[in-house]
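In what follows, a single structure is set out as structure tokens and then discussed.
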Amino acid sequence: METCDQNNLKNLIKEFLTDQNCLRTYEHCISVGDYAYELGKEFLDEPYKARVAGYLHDISAIYPDDQRIDVAKKMGIELYQEELELPMIIHQKISKEIALNEFNVTDPAILSAIECHTTLKEEYSDLDLVVFIADKIKWDRKGEPPYLNQLMVALDISLEEAAYCYIDYLLNHDIQVIHPWLREAYLKLKHH
Ligand SMILES: [Fe+2]
Ligand SMILES: [Fe+2]
């Protein structure tokens with residue numbers, strides 16, 4: 001995908017999200033995509049894929065948490081018990097469906113990175129890791145993430161180390177529900 005296509009994608013995403021009053025999500029998506037691209041230049045053969053995945057990763061923000069179970073069911077998405085308990089987590093799977101159906105993203109590697117950007121998964125790729133980490137560094141809240149320094153130190157070692165560092169932080173802090181993909185990714189990273 002050439003630069004002009006990516007600008008076009010950016011405009012389409014902006015239109016899509018501003019129509020739904022999600023301008024803040026748009027800014028977060030662009031910031032994650034651009035950062036993922038920079039990170040991707042170090043670790044990936046095709047860093048543009050990280051940018052596309054980042055741009056679209058939270059596109060499902062148009063659906064509030066209380067609609068996510070219904071929306072997922074209508075889209076034919078299978079849900080875990082953990083996702084019924086905490087519908088916020090479903091947004092990664094809904095974003096993947098929107099990327100595929102509304103933005104015609106068909107590359108399975110990009111779709112995978114969108115689909116697991118919150119929880120990661122056992123069979124993660126480098127692209128999955130890059131987008132996962134970029135989303136944690138350029139988080140969607142105010143100020144700096146409390147884990148940022150640790151995460152950057154870990155990132156100097158490897159993508160796996162950084163992902164492990166973040167999940168370890170999460171498990172020791174404010175986690176409400178442990179998604180099965182997160183647990184599996186954590187165990188795999190631990191023994192990496
Ligand atoms: Fe997200
Ligand atoms: Fe995000």
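Ligands are numbered from 1 in the order shown, residues from 1 within each chain, and chains are lettered A, B, ... in the order they appear in the structure tokens.
The binding environment of ligand 1, defined as every protein, DNA or RNA residue with an atom no more than 9 Å away and counting only C-alpha atoms and all ligand atoms, comprises Cys29, His57, Asp58, Ile59, Ser60, Ala61, Met88, Ile89, His91, Gln92, Ser95, Ile114, His117, Thr118, Asp135, Trp139 and Asp140 of chain A.
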Report task. May I have the residues within 10 Å of Leu129 of chain A as number ranges by chain, using only C-alpha atoms and disregarding those fewer than 6 positions away in the same chain? Result -> A: 36, 40, 43, 50, 113, 116-117, 120-121, 135, 159-160, 162-163
Query - Test item: residues at most 12 Å from His173 of chain A, only C-alpha atoms, excluding those fewer than 6 positions along its chain, as a list in words - result: Pro146, Tyr147, Tyr166 and Ile167 of chain A
Report task. Once DSSP has gone over the backbone, tell me which residues of segment 20-157 of chain A are in helix (DSSP H, G or I), as a VMD selection string. Result -> chain A and resid 23 to 43 48 to 56 59 to 62 65 to 74 81 to 85 87 to 101 108 to 115 126 to 137 148 to 157
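Here atom CA of Tyr37 of chain A stands at a distance of 28.8 Å from atom CA of Asp174 of chain A.
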**Report entry** Nearest residue to Leu170 of chain A from the set A:Arg24, A:Asn8, A:Leu155, A:Pro145 (distances using only C-alpha atoms)
**Finding:** A:Pro145
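If you measure from each of A:Lys188, A:Arg141, A:Lys49, A:Lys93 to Glu27 of chain A using only C-alpha atoms, the closest one turns out to be A:Arg141.
You can rank A:Ile77, A:Ile178, A:Leu56, A:Leu127 by their closest distance to ligand 2 using only C-alpha atoms and all ligand atoms, and at the top of that list sits A:Leu56.
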Query raised in the report: Taking only C-alpha atoms into account, which of A:Glu123, A:Asp45, A:Glu115, A:Asp34 comes nearest Lys10 of chain A?
Result: A:Asp34
